[in-house]
Amino acid sequence: MRVLCVAEKPSISKSISQILSGGRFTTNETRSKYIKNYEFDYPQTNSFFTVTCVTGHLTGSDFPETHRKWNSCDAFDLFDAPVETHIASDKKAIEENLLTQARRADTLMIWTDCDREGEHIGLEIVRVCKRAKRNIVVKRARFSAIIAQQIHHAAQHPVELDRAQADAVEARIMLDLKVGAAFTRMQTMILQNHFAQLADGKNVVSYGPCQFPTLGFVVQKWNLVKSFVSEPFWFIYLALTSSAGEETPFNWKRGHLFDEDVAVSLYDFVLSDPLARVIKVTKKGTKKWKPLPLTTVELQKAGSRLLRLAPKKVLDIAEKLYQQGFLSYPRTETDQFDPQFDFQSLIQKQTVDPAWGDFATSLTQNGFSAPRKGKNNDKAHPPIHPTAHAGNLAGDDKKVYEFITRRFLACCSKDAEGFQTIVDVECGGEFFSATGLIVLERNYLIVYPYDKWVGHELPDFEEGQEFQPSVCELREGKTSKPSLLTEADLVTLMDKNGIGTDATIAQHIQTIIDRDYVIEKIEGNTKYLIPSKLGIGLIEGYNQMGLNKSLSKPQLRRETERSMVQVCEGQKTKGDMLEETIEQYKEMFIIARREFPKVVSRTTLS
DNA sequence: GCAAGGTC
């Protein structure tokens, strides 16, 4: 029996070939420069295997010629327009390879990633292969990690492709296209009448169900900063200065109060009896937990915060390093390693490094501790980790590789250990406390300088001890202005609100910058995102239209996501989902088109 | 000249 296996990307076809063949396969070139076909016998199922792959989605969707030109129809008509799906022009060689290989095969086994998009890509592959061989038997290999035992099990116990998941994706594709195109044309055409710089037909005022909530976050934070009014507050500051002149500050349990009269009267009480009594001394071991295994979103946040590289840039570098064989697959939601993961051989590869080699060596002896397990698993890729030692990198490449490697070694190390002392004190009826820390074992911190844990010792206190505070003052402070949005903050917000995916979050941020909705502002060491006049105007405009669901907030995207899950679980058909959602957007479109010219004059767009 | 999702 001849089995044609098709994976979602080149790296996976290669890995599964290595595993299933035990390393004995032949490699054939194809007309696509990215794709090779691997062939070998698989005696376990009495088969001859050909393993190949695609590169993500095979097809793209667009309106037919009748609706493609901007003036060919009313923008509203796009909601009910047909949508055509074609093999993308740069994927023709891949299609041709699939057709040729399918003709020779009895069975087609789909090895795409085990997620919704993977199920849809699987369906695209099936459609192509059936054109070459109508009655080809279709199977789906289900695996959750590229680990020998799992891959063999998947090859020997295939299941069926999940049509519902592919349907959900198809619905999303149609929806995003129609909503995006209709609103983009409407916005652009209305604004073209007001702004000369838009009239040349080159600048598009795009709308997208992900880019607008993303812009919304930037504008929301901007408004918060702009409208901020500082408020005064008061707190009692207590401290004891040692004979050596070191001051131990005690924090007031009430924090700070915004009511000056109350603060003053409490302070008067304290002054009436300003002898402090130690009511409790707590001494206990404490830990600073090592970081979780690295996901794409975390990499981008860290890259922006610690390495000062834009999320898109970090992902591009990680992609390149992955292509060069230095890193594992860089797009993953998984923050837990498979129990069978081979940590030791990967750690071993890092022992030659001049900077962290000694630390890696200590992990091969007795410093190793199994990584923490996060809550996410995309069932397709492990957390990001180095797969080989890279000694000749420079610049940003080096920074990204170093971060990922140190993070991996930190994950495989032990938590940092310390000893904490908390001294609770009562003074004039008010309570205060001071906290001391002694760092005992730095452990993972040795290799992971991105985390800080600094000890500060307290003088000895005993329960029942009384002392005269050297400082007891009512101090005034004021609330400080919230900071502008950083790229790392934005990635966090998008991730939390389900806007975009690990692979697309960085692109959406780039899009709103490219469209001049958002401007990057560098202040000191940090890059902040501030909205442009156009960006503010668009968001304010939509917020002023009196729509019951805002087109610039994350709720609509969340609902789309929920609908997709319902389609996946069979509670709703693809058709129902599309009909409901399109209907909802049509209503909003009618209002938006009517209101848009009015809000243009009322907002910063004017 | 529109989107978002894969992957290169």
# chains A, B, ... in the order shown; residues from 1 in each chain; ligands from 1
>>> residues_around(residues="stretch 1-6 of chain B", least_positions_apart="6", cutoff="8 Å", atoms="only C-alpha atoms (C1' of nucleotides)", output="PDB file with all heavy atoms, in the first residue's frame")
ATOM      1  N   THR A  55       2.894  24.723   2.604  1.00  0.00           N
ATOM      2  CA  THR A  55       3.428  25.793   3.461  1.00  0.00           C
ATOM      3  C   THR A  55       2.251  26.617   3.945  1.00  0.00           C
ATOM      4  O   THR A  55       1.951  27.685   3.423  1.00  0.00           O
ATOM      5  CB  THR A  55       4.418  26.702   2.715  1.00  0.00           C
ATOM      6  OG1 THR A  55       3.784  27.140   1.499  1.00  0.00           O
ATOM      7  CG2 THR A  55       5.699  25.995   2.376  1.00  0.00           C
ATOM      8  N   GLY A  56       1.559  26.087   4.932  1.00  0.00           N
ATOM      9  CA  GLY A  56       0.373  26.778   5.431  1.00  0.00           C
ATOM     10  C   GLY A  56      -0.790  26.610   4.475  1.00  0.00           C
ATOM     11  O   GLY A  56      -0.866  25.624   3.731  1.00  0.00           O
ATOM     12  N   HIS A  57      -1.687  27.577   4.496  1.00  0.00           N
ATOM     13  CA  HIS A  57      -2.869  27.492   3.630  1.00  0.00           C
ATOM     14  C   HIS A  57      -2.464  27.434   2.164  1.00  0.00           C
ATOM     15  O   HIS A  57      -1.531  28.109   1.734  1.00  0.00           O
ATOM     16  CB  HIS A  57      -3.783  28.698   3.862  1.00  0.00           C
ATOM     17  CG  HIS A  57      -4.533  28.641   5.152  1.00  0.00           C
ATOM     18  ND1 HIS A  57      -5.579  27.776   5.363  1.00  0.00           N
ATOM     19  CD2 HIS A  57      -4.390  29.328   6.302  1.00  0.00           C
ATOM     20  CE1 HIS A  57      -6.050  27.932   6.573  1.00  0.00           C
ATOM     21  NE2 HIS A  57      -5.344  28.864   7.179  1.00  0.00           N
ATOM     22  N   TRP A  70     -13.180  48.618  -6.807  1.00  0.00           N
ATOM     23  CA  TRP A  70     -13.846  49.376  -5.755  1.00  0.00           C
ATOM     24  C   TRP A  70     -15.137  50.043  -6.209  1.00  0.00           C
ATOM     25  O   TRP A  70     -16.040  50.220  -5.413  1.00  0.00           O
ATOM     26  CB  TRP A  70     -12.884  50.416  -5.167  1.00  0.00           C
ATOM     27  CG  TRP A  70     -11.947  49.813  -4.169  1.00  0.00           C
ATOM     28  CD1 TRP A  70     -11.330  48.606  -4.281  1.00  0.00           C
ATOM     29  CD2 TRP A  70     -11.564  50.351  -2.910  1.00  0.00           C
ATOM     30  NE1 TRP A  70     -10.568  48.361  -3.187  1.00  0.00           N
ATOM     31  CE2 TRP A  70     -10.679  49.432  -2.323  1.00  0.00           C
ATOM     32  CE3 TRP A  70     -11.859  51.538  -2.238  1.00  0.00           C
ATOM     33  CZ2 TRP A  70     -10.098  49.645  -1.072  1.00  0.00           C
ATOM     34  CZ3 TRP A  70     -11.267  51.753  -0.994  1.00  0.00           C
ATOM     35  CH2 TRP A  70     -10.412  50.808  -0.422  1.00  0.00           C
ATOM     36  N   GLU A 117      -7.016  25.637  12.262  1.00  0.00           N
ATOM     37  CA  GLU A 117      -6.431  26.015  10.971  1.00  0.00           C
ATOM     38  C   GLU A 117      -5.832  24.782  10.291  1.00  0.00           C
ATOM     39  O   GLU A 117      -5.910  24.630   9.073  1.00  0.00           O
ATOM     40  CB  GLU A 117      -5.383  27.108  11.156  1.00  0.00           C
ATOM     41  CG  GLU A 117      -5.916  28.415  11.749  1.00  0.00           C
ATOM     42  CD  GLU A 117      -6.916  29.147  10.877  1.00  0.00           C
ATOM     43  OE1 GLU A 117      -6.855  29.033   9.631  1.00  0.00           O
ATOM     44  OE2 GLU A 117      -7.780  29.847  11.451  1.00  0.00           O
ATOM     45  N   ILE A 173     -13.003  32.896   7.346  1.00  0.00           N
ATOM     46  CA  ILE A 173     -12.354  33.473   6.170  1.00  0.00           C
ATOM     47  C   ILE A 173     -13.328  34.373   5.397  1.00  0.00           C
ATOM     48  O   ILE A 173     -13.018  35.511   5.053  1.00  0.00           O
ATOM     49  CB  ILE A 173     -11.811  32.342   5.264  1.00  0.00           C
ATOM     50  CG1 ILE A 173     -10.623  31.659   5.954  1.00  0.00           C
ATOM     51  CG2 ILE A 173     -11.415  32.882   3.888  1.00  0.00           C
ATOM     52  CD1 ILE A 173     -10.155  30.385   5.269  1.00  0.00           C
ATOM     53  N   ASP A 176     -14.283  37.578   7.606  1.00  0.00           N
ATOM     54  CA  ASP A 176     -13.229  38.592   7.697  1.00  0.00           C
ATOM     55  C   ASP A 176     -13.068  39.328   6.383  1.00  0.00           C
ATOM     56  O   ASP A 176     -12.861  40.543   6.355  1.00  0.00           O
ATOM     57  CB  ASP A 176     -11.897  37.949   8.105  1.00  0.00           C
ATOM     58  CG  ASP A 176     -11.889  37.523   9.564  1.00  0.00           C
ATOM     59  OD1 ASP A 176     -12.784  37.958  10.298  1.00  0.00           O
ATOM     60  OD2 ASP A 176     -10.996  36.755   9.958  1.00  0.00           O
ATOM     61  N   LEU A 177     -13.169  38.603   5.291  1.00  0.00           N
ATOM     62  CA  LEU A 177     -13.040  39.235   3.982  1.00  0.00           C
ATOM     63  C   LEU A 177     -14.161  40.238   3.753  1.00  0.00           C
ATOM     64  O   LEU A 177     -13.932  41.388   3.384  1.00  0.00           O
ATOM     65  CB  LEU A 177     -13.041  38.169   2.875  1.00  0.00           C
ATOM     66  CG  LEU A 177     -13.068  38.736   1.454  1.00  0.00           C
ATOM     67  CD1 LEU A 177     -11.803  39.534   1.160  1.00  0.00           C
ATOM     68  CD2 LEU A 177     -13.251  37.628   0.422  1.00  0.00           C
ATOM     69  N   LYS A 178     -15.392  39.801   3.986  1.00  0.00           N
ATOM     70  CA  LYS A 178     -16.535  40.665   3.696  1.00  0.00           C
ATOM     71  C   LYS A 178     -16.570  41.887   4.602  1.00  0.00           C
ATOM     72  O   LYS A 178     -16.747  43.019   4.150  1.00  0.00           O
ATOM     73  CB  LYS A 178     -17.837  39.860   3.837  1.00  0.00           C
ATOM     74  CG  LYS A 178     -17.979  38.831   2.735  1.00  0.00           C
ATOM     75  CD  LYS A 178     -19.279  38.081   2.815  1.00  0.00           C
ATOM     76  CE  LYS A 178     -19.439  37.234   1.550  1.00  0.00           C
ATOM     77  NZ  LYS A 178     -20.755  36.573   1.501  1.00  0.00           N
ATOM     78  N   VAL A 179     -16.401  41.663   5.888  1.00  0.00           N
ATOM     79  CA  VAL A 179     -16.427  42.777   6.841  1.00  0.00           C
ATOM     80  C   VAL A 179     -15.267  43.729   6.547  1.00  0.00           C
ATOM     81  O   VAL A 179     -15.446  44.949   6.487  1.00  0.00           O
ATOM     82  CB  VAL A 179     -16.339  42.240   8.295  1.00  0.00           C
ATOM     83  CG1 VAL A 179     -16.159  43.390   9.278  1.00  0.00           C
ATOM     84  CG2 VAL A 179     -17.587  41.436   8.633  1.00  0.00           C
ATOM     85  N   GLY A 180     -14.091  43.157   6.359  1.00  0.00           N
ATOM     86  CA  GLY A 180     -12.909  43.981   6.122  1.00  0.00           C
ATOM     87  C   GLY A 180     -13.060  44.820   4.864  1.00  0.00           C
ATOM     88  O   GLY A 180     -12.835  46.033   4.880  1.00  0.00           O
ATOM     89  N   ALA A 181     -13.469  44.189   3.795  1.00  0.00           N
ATOM     90  CA  ALA A 181     -13.552  44.903   2.527  1.00  0.00           C
ATOM     91  C   ALA A 181     -14.665  45.949   2.544  1.00  0.00           C
ATOM     92  O   ALA A 181     -14.466  47.092   2.118  1.00  0.00           O
ATOM     93  CB  ALA A 181     -13.768  43.918   1.382  1.00  0.00           C
ATOM     94  N   ALA A 182     -15.836  45.572   3.072  1.00  0.00           N
ATOM     95  CA  ALA A 182     -16.968  46.506   3.055  1.00  0.00           C
ATOM     96  C   ALA A 182     -16.651  47.755   3.870  1.00  0.00           C
ATOM     97  O   ALA A 182     -16.817  48.887   3.396  1.00  0.00           O
ATOM     98  CB  ALA A 182     -18.229  45.824   3.588  1.00  0.00           C
ATOM     99  N   PHE A 183     -16.176  47.563   5.097  1.00  0.00           N
ATOM    100  CA  PHE A 183     -15.894  48.716   5.954  1.00  0.00           C
ATOM    101  C   PHE A 183     -14.690  49.515   5.449  1.00  0.00           C
ATOM    102  O   PHE A 183     -14.669  50.735   5.551  1.00  0.00           O
ATOM    103  CB  PHE A 183     -15.681  48.271   7.409  1.00  0.00           C
ATOM    104  CG  PHE A 183     -16.967  48.061   8.162  1.00  0.00           C
ATOM    105  CD1 PHE A 183     -17.628  46.846   8.114  1.00  0.00           C
ATOM    106  CD2 PHE A 183     -17.531  49.095   8.888  1.00  0.00           C
ATOM    107  CE1 PHE A 183     -18.821  46.653   8.800  1.00  0.00           C
ATOM    108  CE2 PHE A 183     -18.723  48.914   9.584  1.00  0.00           C
ATOM    109  CZ  PHE A 183     -19.374  47.686   9.530  1.00  0.00           C
ATOM    110  N   THR A 184     -13.706  48.833   4.919  1.00  0.00           N
ATOM    111  CA  THR A 184     -12.536  49.550   4.407  1.00  0.00           C
ATOM    112  C   THR A 184     -12.932  50.469   3.252  1.00  0.00           C
ATOM    113  O   THR A 184     -12.549  51.637   3.203  1.00  0.00           O
ATOM    114  CB  THR A 184     -11.468  48.556   3.927  1.00  0.00           C
ATOM    115  OG1 THR A 184     -11.043  47.772   5.031  1.00  0.00           O
ATOM    116  CG2 THR A 184     -10.259  49.287   3.349  1.00  0.00           C
ATOM    117  N   ARG A 185     -13.711  49.934   2.321  1.00  0.00           N
ATOM    118  CA  ARG A 185     -14.120  50.778   1.182  1.00  0.00           C
ATOM    119  C   ARG A 185     -14.977  51.944   1.648  1.00  0.00           C
ATOM    120  O   ARG A 185     -14.789  53.088   1.214  1.00  0.00           O
ATOM    121  CB  ARG A 185     -14.891  49.928   0.160  1.00  0.00           C
ATOM    122  CG  ARG A 185     -13.996  48.929  -0.553  1.00  0.00           C
ATOM    123  CD  ARG A 185     -14.740  48.199  -1.661  1.00  0.00           C
ATOM    124  NE  ARG A 185     -13.991  47.051  -2.142  1.00  0.00           N
ATOM    125  CZ  ARG A 185     -14.422  46.239  -3.114  1.00  0.00           C
ATOM    126  NH1 ARG A 185     -15.589  46.456  -3.699  1.00  0.00           N
ATOM    127  NH2 ARG A 185     -13.688  45.220  -3.494  1.00  0.00           N
ATOM    128  N   GLY A 201      -5.850  57.684  -3.974  1.00  0.00           N
ATOM    129  CA  GLY A 201      -6.197  56.281  -4.126  1.00  0.00           C
ATOM    130  C   GLY A 201      -5.115  55.319  -3.672  1.00  0.00           C
ATOM    131  O   GLY A 201      -5.197  54.133  -3.912  1.00  0.00           O
ATOM    132  N   LYS A 202      -4.104  55.861  -3.017  1.00  0.00           N
ATOM    133  CA  LYS A 202      -3.038  54.967  -2.550  1.00  0.00           C
ATOM    134  C   LYS A 202      -3.181  54.648  -1.065  1.00  0.00           C
ATOM    135  O   LYS A 202      -2.913  53.545  -0.634  1.00  0.00           O
ATOM    136  CB  LYS A 202      -1.658  55.607  -2.803  1.00  0.00           C
ATOM    137  CG  LYS A 202      -1.193  55.445  -4.243  1.00  0.00           C
ATOM    138  CD  LYS A 202       0.309  55.660  -4.343  1.00  0.00           C
ATOM    139  CE  LYS A 202       0.767  55.696  -5.795  1.00  0.00           C
ATOM    140  NZ  LYS A 202       1.034  57.043  -6.278  1.00  0.00           N
ATOM    141  N   ASN A 203      -3.595  55.658  -0.314  1.00  0.00           N
ATOM    142  CA  ASN A 203      -3.741  55.437   1.126  1.00  0.00           C
ATOM    143  C   ASN A 203      -5.100  54.836   1.449  1.00  0.00           C
ATOM    144  O   ASN A 203      -6.133  55.418   1.151  1.00  0.00           O
ATOM    145  CB  ASN A 203      -3.568  56.757   1.876  1.00  0.00           C
ATOM    146  CG  ASN A 203      -2.132  57.219   1.835  1.00  0.00           C
ATOM    147  OD1 ASN A 203      -1.236  56.463   2.180  1.00  0.00           O
ATOM    148  ND2 ASN A 203      -1.917  58.440   1.396  1.00  0.00           N
ATOM    149  N   VAL A 204      -5.056  53.690   2.070  1.00  0.00           N
ATOM    150  CA  VAL A 204      -6.288  53.011   2.416  1.00  0.00           C
ATOM    151  C   VAL A 204      -6.553  53.221   3.897  1.00  0.00           C
ATOM    152  O   VAL A 204      -5.639  53.133   4.710  1.00  0.00           O
ATOM    153  CB  VAL A 204      -6.133  51.506   2.133  1.00  0.00           C
ATOM    154  CG1 VAL A 204      -7.316  50.741   2.683  1.00  0.00           C
ATOM    155  CG2 VAL A 204      -5.992  51.275   0.651  1.00  0.00           C
ATOM    156  N   SER A 206      -7.989  51.334   6.287  1.00  0.00           N
ATOM    157  CA  SER A 206      -8.501  49.968   6.394  1.00  0.00           C
ATOM    158  C   SER A 206      -9.268  49.737   7.688  1.00  0.00           C
ATOM    159  O   SER A 206      -8.980  50.340   8.722  1.00  0.00           O
ATOM    160  CB  SER A 206      -7.337  48.979   6.322  1.00  0.00           C
ATOM    161  OG  SER A 206      -6.479  49.153   7.417  1.00  0.00           O
ATOM    162  N   TYR A 207     -10.246  48.856   7.599  1.00  0.00           N
ATOM    163  CA  TYR A 207     -10.918  48.344   8.783  1.00  0.00           C
ATOM    164  C   TYR A 207     -10.656  46.851   8.840  1.00  0.00           C
ATOM    165  O   TYR A 207     -10.726  46.171   7.811  1.00  0.00           O
ATOM    166  CB  TYR A 207     -12.444  48.575   8.739  1.00  0.00           C
ATOM    167  CG  TYR A 207     -13.107  47.999   9.974  1.00  0.00           C
ATOM    168  CD1 TYR A 207     -13.246  48.761  11.123  1.00  0.00           C
ATOM    169  CD2 TYR A 207     -13.514  46.665  10.022  1.00  0.00           C
ATOM    170  CE1 TYR A 207     -13.779  48.231  12.281  1.00  0.00           C
ATOM    171  CE2 TYR A 207     -14.044  46.124  11.178  1.00  0.00           C
ATOM    172  CZ  TYR A 207     -14.175  46.906  12.303  1.00  0.00           C
ATOM    173  OH  TYR A 207     -14.677  46.357  13.445  1.00  0.00           O
ATOM    174  N   GLY A 208     -10.386  46.343  10.010  1.00  0.00           N
ATOM    175  CA  GLY A 208     -10.288  44.901  10.181  1.00  0.00           C
ATOM    176  C   GLY A 208     -10.751  44.524  11.560  1.00  0.00           C
ATOM    177  O   GLY A 208     -10.571  45.296  12.503  1.00  0.00           O
ATOM    178  N   PRO A 209     -11.375  43.352  11.686  1.00  0.00           N
ATOM    179  CA  PRO A 209     -11.898  42.923  12.987  1.00  0.00           C
ATOM    180  C   PRO A 209     -10.809  42.685  14.024  1.00  0.00           C
ATOM    181  O   PRO A 209     -11.115  42.571  15.201  1.00  0.00           O
ATOM    182  CB  PRO A 209     -12.651  41.629  12.683  1.00  0.00           C
ATOM    183  CG  PRO A 209     -12.325  41.259  11.297  1.00  0.00           C
ATOM    184  CD  PRO A 209     -11.674  42.409  10.607  1.00  0.00           C
ATOM    185  N   CYS A 210      -9.563  42.625  13.628  1.00  0.00           N
ATOM    186  CA  CYS A 210      -8.473  42.557  14.613  1.00  0.00           C
ATOM    187  C   CYS A 210      -7.746  43.890  14.728  1.00  0.00           C
ATOM    188  O   CYS A 210      -7.376  44.311  15.810  1.00  0.00           O
ATOM    189  CB  CYS A 210      -7.473  41.451  14.249  1.00  0.00           C
ATOM    190  SG  CYS A 210      -8.122  39.808  14.582  1.00  0.00           S
ATOM    191  N   GLY A 500      -6.346  38.306  17.474  1.00  0.00           N
ATOM    192  CA  GLY A 500      -5.228  37.730  16.737  1.00  0.00           C
ATOM    193  C   GLY A 500      -4.731  36.447  17.391  1.00  0.00           C
ATOM    194  O   GLY A 500      -5.293  35.987  18.392  1.00  0.00           O
ATOM    195  N   THR A 504      -0.017  36.121  14.572  1.00  0.00           N
ATOM    196  CA  THR A 504      -0.487  37.327  13.877  1.00  0.00           C
ATOM    197  C   THR A 504      -0.508  38.594  14.731  1.00  0.00           C
ATOM    198  O   THR A 504      -0.647  39.689  14.189  1.00  0.00           O
ATOM    199  CB  THR A 504      -1.912  37.128  13.313  1.00  0.00           C
ATOM    200  OG1 THR A 504      -2.798  36.881  14.401  1.00  0.00           O
ATOM    201  CG2 THR A 504      -1.971  35.980  12.348  1.00  0.00           C
TER     202      THR A 504
END
>>> select_by_dssp(residues="stretch 378-427 of chain A", states="strand (DSSP E)", output="ChimeraX atom specification")
/A:416-427
>>> write_last_selection(atoms="N, CA, C and O atoms", output="PDB file, in the first residue's frame")
ATOM      1  N   ALA A 416      14.907  30.013  42.614  1.00  0.00           N
ATOM      2  CA  ALA A 416      15.829  30.690  43.527  1.00  0.00           C
ATOM      3  C   ALA A 416      15.262  30.564  44.935  1.00  0.00           C
ATOM      4  O   ALA A 416      14.042  30.553  45.123  1.00  0.00           O
ATOM      5  N   GLU A 417      16.145  30.455  45.930  1.00  0.00           N
ATOM      6  CA  GLU A 417      15.661  30.280  47.293  1.00  0.00           C
ATOM      7  C   GLU A 417      16.141  31.405  48.187  1.00  0.00           C
ATOM      8  O   GLU A 417      17.264  31.892  48.042  1.00  0.00           O
ATOM      9  N   GLY A 418      15.283  31.780  49.094  1.00  0.00           N
ATOM     10  CA  GLY A 418      15.634  32.872  49.987  1.00  0.00           C
ATOM     11  C   GLY A 418      15.008  32.677  51.355  1.00  0.00           C
ATOM     12  O   GLY A 418      14.335  31.683  51.615  1.00  0.00           O
ATOM     13  N   PHE A 419      15.260  33.654  52.194  1.00  0.00           N
ATOM     14  CA  PHE A 419      14.717  33.607  53.541  1.00  0.00           C
ATOM     15  C   PHE A 419      14.100  34.969  53.828  1.00  0.00           C
ATOM     16  O   PHE A 419      14.739  36.009  53.676  1.00  0.00           O
ATOM     17  N   GLN A 420      12.808  34.920  54.212  1.00  0.00           N
ATOM     18  CA  GLN A 420      12.072  36.168  54.348  1.00  0.00           C
ATOM     19  C   GLN A 420      11.741  36.442  55.820  1.00  0.00           C
ATOM     20  O   GLN A 420      11.405  35.510  56.556  1.00  0.00           O
ATOM     21  N   THR A 421      11.873  37.689  56.206  1.00  0.00           N
ATOM     22  CA  THR A 421      11.489  38.074  57.556  1.00  0.00           C
ATOM     23  C   THR A 421      10.450  39.181  57.461  1.00  0.00           C
ATOM     24  O   THR A 421      10.648  40.166  56.748  1.00  0.00           O
ATOM     25  N   ILE A 422       9.321  38.983  58.136  1.00  0.00           N
ATOM     26  CA  ILE A 422       8.304  40.045  58.165  1.00  0.00           C
ATOM     27  C   ILE A 422       8.132  40.486  59.620  1.00  0.00           C
ATOM     28  O   ILE A 422       7.889  39.659  60.495  1.00  0.00           O
ATOM     29  N   VAL A 423       8.308  41.762  59.843  1.00  0.00           N
ATOM     30  CA  VAL A 423       8.162  42.293  61.202  1.00  0.00           C
ATOM     31  C   VAL A 423       6.901  43.153  61.247  1.00  0.00           C
ATOM     32  O   VAL A 423       6.806  44.166  60.555  1.00  0.00           O
ATOM     33  N   ASP A 424       5.913  42.707  62.047  1.00  0.00           N
ATOM     34  CA  ASP A 424       4.677  43.488  62.208  1.00  0.00           C
ATOM     35  C   ASP A 424       4.775  44.305  63.479  1.00  0.00           C
ATOM     36  O   ASP A 424       5.146  43.789  64.534  1.00  0.00           O
ATOM     37  N   VAL A 425       4.389  45.563  63.331  1.00  0.00           N
ATOM     38  CA  VAL A 425       4.573  46.511  64.421  1.00  0.00           C
ATOM     39  C   VAL A 425       3.278  47.274  64.652  1.00  0.00           C
ATOM     40  O   VAL A 425       2.557  47.575  63.698  1.00  0.00           O
ATOM     41  N   GLU A 426       3.001  47.556  65.923  1.00  0.00           N
ATOM     42  CA  GLU A 426       1.844  48.392  66.240  1.00  0.00           C
ATOM     43  C   GLU A 426       2.356  49.680  66.863  1.00  0.00           C
ATOM     44  O   GLU A 426       3.317  49.655  67.644  1.00  0.00           O
ATOM     45  N   CYS A 427       1.750  50.780  66.453  1.00  0.00           N
ATOM     46  CA  CYS A 427       2.197  52.056  66.998  1.00  0.00           C
ATOM     47  C   CYS A 427       1.007  52.992  67.076  1.00  0.00           C
ATOM     48  O   CYS A 427       0.413  53.323  66.041  1.00  0.00           O
TER      49      CYS A 427
END
>>> residues_around(residues="A:Lys133", least_positions_apart="5", cutoff="12 Å", atoms="only C-alpha atoms (C1' of nucleotides)", output="PyMOL selection string")
chain A and resi 4+98-108+126-128+138
>>> atom_distance(atom1="atom CA of A:Phe258", atom2="atom CA of A:Trp234")
6.4 Å
>>> residues_around(residues="stretch 31-40 of chain A", least_positions_apart="6", cutoff="10 Å", atoms="only C-alpha atoms (C1' of nucleotides)", output="PyMOL selection string")
(chain A and resi 3-6+9-11+13-14+16-18+20-25+47-55+90-97+101) or (chain B and resi 8)
>>> residues_around(residues="A:Asp495", least_positions_apart="2", cutoff="12 Å", atoms="only C-alpha atoms (C1' of nucleotides)", output="VMD selection string")
chain A and resid 210 213 to 214 295 to 298 300 to 301 333 488 to 493 497 to 506 508 554 558
>>> closest_residue(among="A:Glu466, A:Asp316, A:Asp41, A:Glu540", to="chain B", atoms="only C-alpha atoms (C1' of nucleotides)")
A:Asp316
>>> select_by_dssp(residues="stretch 29-124 of chain A", states="helix (DSSP H, G or I)", output="PyMOL selection string")
chain A and resi 43-45+65-68+75-80+89-104+116-124
